[in-house]
Amino acid sequence: MAYKRQIDRLPIIPRDAKEFNVTCHYCIVGCGYKAYTWPTNKQGGTAPDQNKFGVDLSKQQPAETAAWYAPAMYNIVRQNGNDVHIVIKPDKDCVVNSGLGSVRGARIAEMSYSQQRNTQLQRLTDPMVWRYGQMQPTGWNDALDLVARVTVAVINDMGEDGLFVSAFDHGGAGGGYENTWGTGKLYFGAMKVKNIRIHNRPAYNSEVHATRDMGVGELNNCYEDAELADTIVAVGTNALETQTNYFLNHWVPNMRGSSMDKKKAEFGSEPVARGRIIIVDPRRTVTVNACEVEAGKDGVMHLAINSGSDLALFNAWLTYIASKGWTDKTFIEASTKDFDKARAANNVSLDEAARITGLTADQIRQSAEWIAQPKEGNARRRTMFAYEKGLIWGNDNYRTNGALVNVALATGNIGRPGGGCVRMGGHQEGYSRPSDAHVGRPAAYVDKL
């Protein structure tokens with residue numbers, strides 16, 4: 001936790017301050033930020049040629065000015081052995097966030113290690129080892145030597161498969177990408193360790209390994225697709241809180257109708273409208289509230305299902321959509337296989353799904369219509385499916401994830417503008433993944449085991 005002190009004045013960023021393009025290191029959205037550093041014994045002035053903003057700071061700035069930063073965006077840190085001022089503020093020219101700063105990203109500077117301002121002093125500055133009954137700081141040579149000796153001793157005694165590793169697969173403070181890549185190269189590439197788990201599950205398999213086994217990568221669209229979609233289906237994701245700027249900068253314009261020009265430019269004479277939202281979540285979240293404000297209550301469906309009943313809902317969608325003939329037959333024939341088998345194996349009626357999910361048959365029917373009912377002129381409806389922890393950390397997520405991908409494939413919403421069946425993501429990751437031969441394919445089905 002950062003130590004907050006009262007600040008009634010912040011230094012002006014000088015014109016010759018060092019400037020860096022950086023990416024917020026918290027969630028997967030990847031918002032752009034500008035980082036500025038300069039010596040602590042120097043600051044800029046109010047004249048346009050004396051500050052980084054190039055404006056007259058002696059005058060009151062407008063409400064939406066970019067020539068501003070908050071106390072949370074400022075700190076004093078060490079850079080190349082010297083104390084420097086640092087400001088990390090949203091980049092208005094970044095297409096991801098367009099100058100928006102989330103409550104996480106807008107505090108990157110404040111959340112940095114600083115002895116001068118006492119922020120994040122609990123962060124490690126040295127390796128730690130358990131000695132004399134407690135964790136003790138040590139040098140890197142000692143720490144690496146200890147890890148190597150223990151590793152060799154285990155292998156000599158029990159063989160390579162006797163070695164078990166527990167590791168993180170991402171991390172904050174800007175080190176997540178590099179650290180994840182490094183551990184992956186070591187354990188998967190060099191040592192080929194088979195028994196490895198990461199922070200949130202008991203074996204090394206993807207949180208979304210069903211979609212991969214179906215041949216669909218879990219990140220298969222771009223943010224612009226959220227602006228082009230006719231309908232967004234949000235499953236187990238509270239996007240306003242957890243992917244804040246993605247929601248504000250790309251979902252909200254669609255719901256408001258302010259992305260209509262972009263839709264018309266993309267799709268020509270095809271009918272376009274403000275985007276609708278279907279939210280599948282047992283709880284009413286702030287995202288539901290925000291969507292109702294932006295799209296109107298008639299443009300939002302909150303399906304408050306019984307916890308763990310997603311599979312029945314998705315299969316009922318597939319069954320009903322197929323029965324109405326709203327599937328994309330050309331796409332199915334060209335890009336998929338076994339559709340008839342999938343439909344037969346996962347047949348769930350509206351009434352059966354209503355009994356399991358706690359919804360009404362009419363709610364399930366209407367949501368299926370929002371997903372796949374053709375528009376005026378028989379134009380295909382563009383639907384983006386977005387899911388996250390509410391689905392992937394649920395029971396039997398393999399089948400549930402696969403069922404949602406089935407709906408996206410059946411309606412032709414993979415690999416096309418305004419579509420996608422994608423996870424909203426957690427943190428930025430730089431995996432060096434093991435090969436299929438290394439862990440087997442399909443990956444270990446943890447829920448079944």
# chains A, B, ... in the order shown; residues from 1 in each chain; ligands from 1
$ residues_around --residues "Phe267 of chain A" --least-positions-apart "2" --cutoff "12 Å" --atoms "only C-alpha atoms" --output "ChimeraX atom specification"
/A:228-230,260-265,269-273,379-382,416-418
$ select_by_dssp --residues "segment 44-239 of chain A" --states "alpha helix (DSSP H)" --output "JSON, numbers by chain"
{"A": [140, 141, 142, 143, 144, 145, 146, 147, 148, 149, 150, 151, 152, 153, 154, 155, 156, 157, 158, 176, 177, 178, 179, 180, 181, 182, 183, 184, 209, 210, 211, 212, 213, 224, 225, 226, 227, 228, 239]}
$ closest_residue --among "A:Val233, A:Val280, A:Ala361, A:Ala334" --to "Thr383 of chain A" --atoms "only C-alpha atoms"
A:Val233
$ residues_around --residues "segment 107-119 of chain A" --least-positions-apart "5" --cutoff "7 Å" --atoms "only C-alpha atoms" --output "PyMOL selection string"
chain A and resi 2-3+72-77+86-88
$ write_last_selection --atoms "N, CA and C atoms" --output "short mmCIF file (atom, residue, chain, number, x, y, z; two decimals), in the first residue's frame"
data_model
loop_
_atom_site.label_atom_id
_atom_site.label_comp_id
_atom_site.auth_asym_id
_atom_site.auth_seq_id
_atom_site.Cartn_x
_atom_site.Cartn_y
_atom_site.Cartn_z
N ALA A 2 0.52 2.19 -0.81
CA ALA A 2 1.31 3.42 -0.90
C ALA A 2 1.02 4.33 0.29
N TYR A 3 2.05 5.02 0.73
CA TYR A 3 1.88 6.01 1.79
C TYR A 3 1.45 7.31 1.15
N ALA A 72 -1.13 11.14 -7.48
CA ALA A 72 -0.93 9.70 -7.62
C ALA A 72 -0.03 9.35 -8.80
N MET A 73 0.16 10.29 -9.73
CA MET A 73 0.99 10.04 -10.91
C MET A 73 2.43 10.51 -10.71
N TYR A 74 2.77 10.85 -9.47
CA TYR A 74 4.09 11.45 -9.19
C TYR A 74 4.82 10.69 -8.09
N ASN A 75 6.16 10.66 -8.19
CA ASN A 75 6.98 10.09 -7.12
C ASN A 75 8.42 10.53 -7.31
N ILE A 76 9.27 10.16 -6.38
CA ILE A 76 10.72 10.34 -6.50
C ILE A 76 11.34 8.95 -6.40
N VAL A 77 12.06 8.55 -7.43
CA VAL A 77 12.62 7.20 -7.49
C VAL A 77 14.09 7.28 -7.88
N ILE A 86 9.59 11.51 -11.05
CA ILE A 86 8.96 10.70 -12.09
C ILE A 86 7.47 11.01 -12.13
N VAL A 87 6.96 11.19 -13.34
CA VAL A 87 5.53 11.35 -13.59
C VAL A 87 5.13 10.31 -14.62
N ILE A 88 4.10 9.53 -14.31
CA ILE A 88 3.57 8.54 -15.25
C ILE A 88 2.09 8.84 -15.43
#
$ residues_around --residues "Pro11 of chain A" --least-positions-apart "6" --cutoff "9 Å" --atoms "only C-alpha atoms" --output "list in words"
Lys42, Gln43, Gly44 and His85 of chain A
$ atom_distance --atom1 "atom CA of Gln363 of chain A" --atom2 "atom CA of Glu227 of chain A"
24.7 Å
$ residues_around --residues "Leu311 of chain A" --least-positions-apart "4" --cutoff "9 Å" --atoms "only C-alpha atoms" --output "list in words"
Asn315, Ala316, Asn397, Arg399, Thr400, Asn401, Ala403 and Leu404 of chain A
$ write_last_selection --atoms "C-alpha atoms" --output "PDB file, in the first residue's frame"
ATOM      1  CA  ASN A 315     -26.362 -25.220 -24.928  1.00  0.00           C
ATOM      2  CA  ALA A 316     -29.933 -23.897 -24.889  1.00  0.00           C
ATOM      3  CA  ASN A 397     -14.775 -24.947 -17.071  1.00  0.00           C
ATOM      4  CA  ARG A 399     -17.007 -28.050 -21.139  1.00  0.00           C
ATOM      5  CA  THR A 400     -18.481 -24.664 -20.243  1.00  0.00           C
ATOM      6  CA  ASN A 401     -15.822 -22.772 -22.179  1.00  0.00           C
ATOM      7  CA  ALA A 403     -20.033 -24.625 -25.114  1.00  0.00           C
ATOM      8  CA  LEU A 404     -19.675 -20.845 -25.407  1.00  0.00           C
TER       9      LEU A 404
END
$ residues_around --residues "segment 284-296 of chain A" --least-positions-apart "4" --cutoff "10 Å" --atoms "only C-alpha atoms" --output "CSV table (one decimal) with N, CA and C atoms, in the first residue's frame"
chain,number,residue,atom,x,y,z
A,234,ALA,N,-21.4,-10.7,-22.3
A,234,ALA,CA,-20.4,-10.6,-21.2
A,234,ALA,C,-20.7,-11.7,-20.2
A,237,THR,N,-17.8,-11.5,-16.2
A,237,THR,CA,-16.8,-10.5,-16.3
A,237,THR,C,-17.5,-9.2,-15.8
A,238,ASN,N,-16.8,-8.5,-15.0
A,238,ASN,CA,-17.2,-7.2,-14.4
A,238,ASN,C,-16.3,-6.1,-15.0
A,239,ALA,N,-16.5,-5.8,-16.3
A,239,ALA,CA,-15.6,-5.1,-17.1
A,239,ALA,C,-15.3,-3.7,-16.7
A,240,LEU,N,-16.4,-3.0,-16.1
A,240,LEU,CA,-16.2,-1.6,-15.7
A,240,LEU,C,-15.1,-1.6,-14.6
A,241,GLU,N,-15.1,-2.5,-13.7
A,241,GLU,CA,-14.1,-2.5,-12.6
A,241,GLU,C,-12.8,-3.1,-13.0
A,242,THR,N,-12.8,-4.2,-13.9
A,242,THR,CA,-11.5,-4.9,-14.1
A,242,THR,C,-10.8,-4.7,-15.4
A,244,THR,N,-11.3,-1.5,-17.0
A,244,THR,CA,-12.0,-0.2,-17.0
A,244,THR,C,-11.9,0.6,-18.3
A,247,PHE,N,-13.6,-1.0,-21.3
A,247,PHE,CA,-15.1,-0.8,-21.3
A,247,PHE,C,-15.4,0.7,-21.6
A,248,LEU,N,-14.8,1.6,-21.0
A,248,LEU,CA,-15.1,3.0,-21.2
A,248,LEU,C,-14.8,3.5,-22.6
A,251,TRP,N,-16.5,-0.1,-25.3
A,251,TRP,CA,-17.9,-0.6,-25.2
A,251,TRP,C,-18.9,0.6,-25.1
A,252,VAL,N,-18.6,1.6,-24.3
A,252,VAL,CA,-19.5,2.7,-24.1
A,252,VAL,C,-19.8,3.4,-25.4
A,253,PRO,N,-18.9,3.7,-26.2
A,253,PRO,CA,-19.2,4.4,-27.5
A,253,PRO,C,-20.2,3.6,-28.3
A,254,ASN,N,-20.2,2.3,-28.3
A,254,ASN,CA,-21.1,1.5,-29.0
A,254,ASN,C,-22.5,1.6,-28.4
A,255,MET,N,-22.6,1.5,-27.1
A,255,MET,CA,-23.9,1.6,-26.4
A,255,MET,C,-24.5,3.0,-26.6
A,256,ARG,N,-23.7,4.0,-26.6
A,256,ARG,CA,-24.2,5.4,-26.8
A,256,ARG,C,-24.6,5.7,-28.2
A,257,GLY,N,-24.1,4.8,-29.2
A,257,GLY,CA,-24.4,5.1,-30.6
A,257,GLY,C,-23.3,6.0,-31.2
A,274,ARG,N,-27.3,1.0,-32.3
A,274,ARG,CA,-26.5,1.0,-31.0
A,274,ARG,C,-26.4,-0.4,-30.5
A,275,GLY,N,-25.3,-0.7,-29.9
A,275,GLY,CA,-25.0,-2.0,-29.4
A,275,GLY,C,-25.9,-2.4,-28.2
A,276,ARG,N,-26.3,-3.7,-28.2
A,276,ARG,CA,-27.0,-4.2,-27.0
A,276,ARG,C,-26.0,-5.0,-26.2
A,277,ILE,N,-26.4,-5.2,-24.9
A,277,ILE,CA,-25.5,-5.9,-24.0
A,277,ILE,C,-26.3,-7.0,-23.3
A,278,ILE,N,-25.7,-8.2,-23.3
A,278,ILE,CA,-26.2,-9.4,-22.5
A,278,ILE,C,-25.2,-9.7,-21.4
A,279,ILE,N,-25.5,-9.6,-20.1
A,279,ILE,CA,-24.6,-9.9,-19.1
A,279,ILE,C,-25.0,-11.1,-18.3
A,280,VAL,N,-24.2,-12.1,-18.3
A,280,VAL,CA,-24.5,-13.4,-17.6
A,280,VAL,C,-23.7,-13.3,-16.3
A,300,VAL,N,-30.2,-3.6,-22.4
A,300,VAL,CA,-29.4,-4.5,-21.5
A,300,VAL,C,-30.2,-5.6,-21.0
A,301,MET,N,-29.7,-6.8,-21.1
A,301,MET,CA,-30.3,-8.0,-20.4
A,301,MET,C,-29.3,-8.5,-19.4
A,302,HIS,N,-29.7,-8.5,-18.1
A,302,HIS,CA,-28.9,-9.1,-17.1
A,302,HIS,C,-29.5,-10.5,-16.8
A,303,LEU,N,-28.8,-11.5,-17.1
A,303,LEU,CA,-29.3,-12.9,-16.9
A,303,LEU,C,-28.6,-13.4,-15.6
A,304,ALA,N,-29.4,-13.2,-14.5
A,304,ALA,CA,-28.8,-13.6,-13.1
A,304,ALA,C,-29.1,-15.1,-12.9
$ residues_around --residues "Gly139 of chain A" --least-positions-apart "4" --cutoff "10 Å" --atoms "only C-alpha atoms" --output "list in words"
Asp126, Pro127, Met128, Val129, Ala143 and Leu144 of chain A
$ select_by_dssp --residues "segment 230-301 of chain A" --states "strand (DSSP E)" --output "PyMOL selection string"
chain A and resi 231-235+276-280+300-301
$ atom_distance --atom1 "atom CA of Phe188 of chain A" --atom2 "atom CA of Ala203 of chain A"
13.7 Å
$ closest_residue --among "A:Ile305, A:Leu57, A:Ala66, A:Ala345" --to "Pro14 of chain A" --atoms "only C-alpha atoms"
A:Leu57
$ closest_residue --among "A:His427, A:Ile392, A:Trp68, A:Leu124" --to "Gln136 of chain A" --atoms "only C-alpha atoms"
A:Leu124
$ closest_residue --among "A:Met384, A:Leu313, A:Leu318, A:Val147" --to "Ile364 of chain A" --atoms "only C-alpha atoms"
A:Leu313
$ decode --residues "segment 135-173 of chain A" --atoms "N, CA and C atoms" --output "CSV table (one decimal), in the first residue's frame"
chain,number,residue,atom,x,y,z
A,135,MET,N,12.9,-15.6,7.4
A,135,MET,CA,13.4,-15.2,6.1
A,135,MET,C,14.5,-14.1,6.3
A,136,GLN,N,15.6,-14.4,5.6
A,136,GLN,CA,16.7,-13.5,5.7
A,136,GLN,C,17.2,-13.0,4.3
A,137,PRO,N,17.5,-11.7,4.1
A,137,PRO,CA,18.0,-11.3,2.9
A,137,PRO,C,19.4,-11.9,2.6
A,138,THR,N,19.7,-12.2,1.3
A,138,THR,CA,21.0,-12.7,0.9
A,138,THR,C,21.4,-12.2,-0.4
A,139,GLY,N,22.5,-12.5,-0.9
A,139,GLY,CA,23.0,-12.1,-2.2
A,139,GLY,C,22.5,-13.0,-3.3
A,140,TRP,N,22.6,-12.5,-4.6
A,140,TRP,CA,22.1,-13.3,-5.7
A,140,TRP,C,23.0,-14.6,-5.9
A,141,ASN,N,24.3,-14.5,-5.7
A,141,ASN,CA,25.1,-15.7,-5.9
A,141,ASN,C,24.8,-16.8,-4.9
A,142,ASP,N,24.5,-16.4,-3.6
A,142,ASP,CA,24.1,-17.3,-2.6
A,142,ASP,C,22.8,-18.0,-2.9
A,143,ALA,N,21.8,-17.1,-3.4
A,143,ALA,CA,20.5,-17.6,-3.7
A,143,ALA,C,20.5,-18.6,-4.9
A,144,LEU,N,21.2,-18.2,-5.9
A,144,LEU,CA,21.2,-19.1,-7.1
A,144,LEU,C,21.9,-20.4,-6.8
A,145,ASP,N,23.0,-20.3,-6.0
A,145,ASP,CA,23.7,-21.5,-5.6
A,145,ASP,C,22.8,-22.5,-4.8
A,146,LEU,N,22.1,-21.9,-3.9
A,146,LEU,CA,21.2,-22.7,-3.1
A,146,LEU,C,20.1,-23.4,-3.9
A,147,VAL,N,19.5,-22.7,-4.8
A,147,VAL,CA,18.4,-23.2,-5.7
A,147,VAL,C,19.0,-24.4,-6.6
A,148,ALA,N,20.2,-24.1,-7.1
A,148,ALA,CA,20.9,-25.1,-8.0
A,148,ALA,C,21.2,-26.4,-7.2
A,149,ARG,N,21.7,-26.2,-6.0
A,149,ARG,CA,22.1,-27.4,-5.2
A,149,ARG,C,20.9,-28.2,-4.8
A,150,VAL,N,19.8,-27.6,-4.4
A,150,VAL,CA,18.6,-28.3,-4.0
A,150,VAL,C,18.0,-29.0,-5.2
A,151,THR,N,18.0,-28.3,-6.4
A,151,THR,CA,17.5,-28.9,-7.6
A,151,THR,C,18.2,-30.2,-8.0
A,152,VAL,N,19.6,-30.1,-8.0
A,152,VAL,CA,20.4,-31.2,-8.3
A,152,VAL,C,20.2,-32.4,-7.4
A,153,ALA,N,20.1,-32.1,-6.1
A,153,ALA,CA,19.9,-33.1,-5.0
A,153,ALA,C,18.6,-33.9,-5.3
A,154,VAL,N,17.5,-33.2,-5.6
A,154,VAL,CA,16.2,-33.8,-5.8
A,154,VAL,C,16.3,-34.7,-7.1
A,155,ILE,N,16.9,-34.2,-8.1
A,155,ILE,CA,17.0,-35.0,-9.4
A,155,ILE,C,17.9,-36.3,-9.1
A,156,ASN,N,19.0,-36.1,-8.4
A,156,ASN,CA,19.9,-37.3,-8.1
A,156,ASN,C,19.2,-38.3,-7.3
A,157,ASP,N,18.3,-37.9,-6.4
A,157,ASP,CA,17.6,-38.8,-5.5
A,157,ASP,C,16.4,-39.4,-6.1
A,158,MET,N,15.6,-38.6,-6.8
A,158,MET,CA,14.3,-39.1,-7.3
A,158,MET,C,14.1,-39.1,-8.8
A,159,GLY,N,15.1,-38.6,-9.5
A,159,GLY,CA,14.9,-38.5,-11.0
A,159,GLY,C,14.3,-37.2,-11.3
A,160,GLU,N,14.3,-36.9,-12.6
A,160,GLU,CA,13.7,-35.6,-13.1
A,160,GLU,C,12.3,-35.4,-12.7
A,161,ASP,N,11.5,-36.5,-12.7
A,161,ASP,CA,10.1,-36.3,-12.4
A,161,ASP,C,9.8,-36.1,-11.0
A,162,GLY,N,10.8,-36.2,-10.1
A,162,GLY,CA,10.7,-35.9,-8.7
A,162,GLY,C,10.7,-34.4,-8.4
A,163,LEU,N,11.0,-33.6,-9.4
A,163,LEU,CA,11.1,-32.2,-9.2
A,163,LEU,C,9.8,-31.5,-9.5
A,164,PHE,N,9.2,-30.9,-8.5
A,164,PHE,CA,8.0,-30.1,-8.6
A,164,PHE,C,8.2,-28.6,-8.5
A,165,VAL,N,7.6,-27.8,-9.3
A,165,VAL,CA,7.9,-26.4,-9.3
A,165,VAL,C,6.5,-25.7,-9.1
A,166,SER,N,6.5,-24.7,-8.2
A,166,SER,CA,5.4,-23.8,-8.1
A,166,SER,C,5.8,-22.4,-8.4
A,167,ALA,N,5.2,-21.8,-9.4
A,167,ALA,CA,5.7,-20.6,-10.0
A,167,ALA,C,4.5,-19.6,-10.3
A,168,PHE,N,4.8,-18.3,-10.4
A,168,PHE,CA,3.8,-17.4,-10.9
A,168,PHE,C,3.8,-17.4,-12.4
A,169,ASP,N,2.7,-17.0,-13.0
A,169,ASP,CA,2.7,-16.9,-14.5
A,169,ASP,C,2.5,-15.5,-14.9
A,170,HIS,N,2.5,-14.5,-14.0
A,170,HIS,CA,2.5,-13.1,-14.4
A,170,HIS,C,2.9,-12.4,-13.1
A,171,GLY,N,3.1,-11.1,-13.3
A,171,GLY,CA,3.5,-10.3,-12.1
A,171,GLY,C,3.4,-8.8,-12.4
A,172,GLY,N,3.2,-8.0,-11.4
A,172,GLY,CA,3.1,-6.6,-11.6
A,172,GLY,C,4.4,-5.9,-11.5
A,173,ALA,N,4.4,-4.6,-11.3
A,173,ALA,CA,5.7,-3.8,-11.2
A,173,ALA,C,6.5,-3.9,-12.5
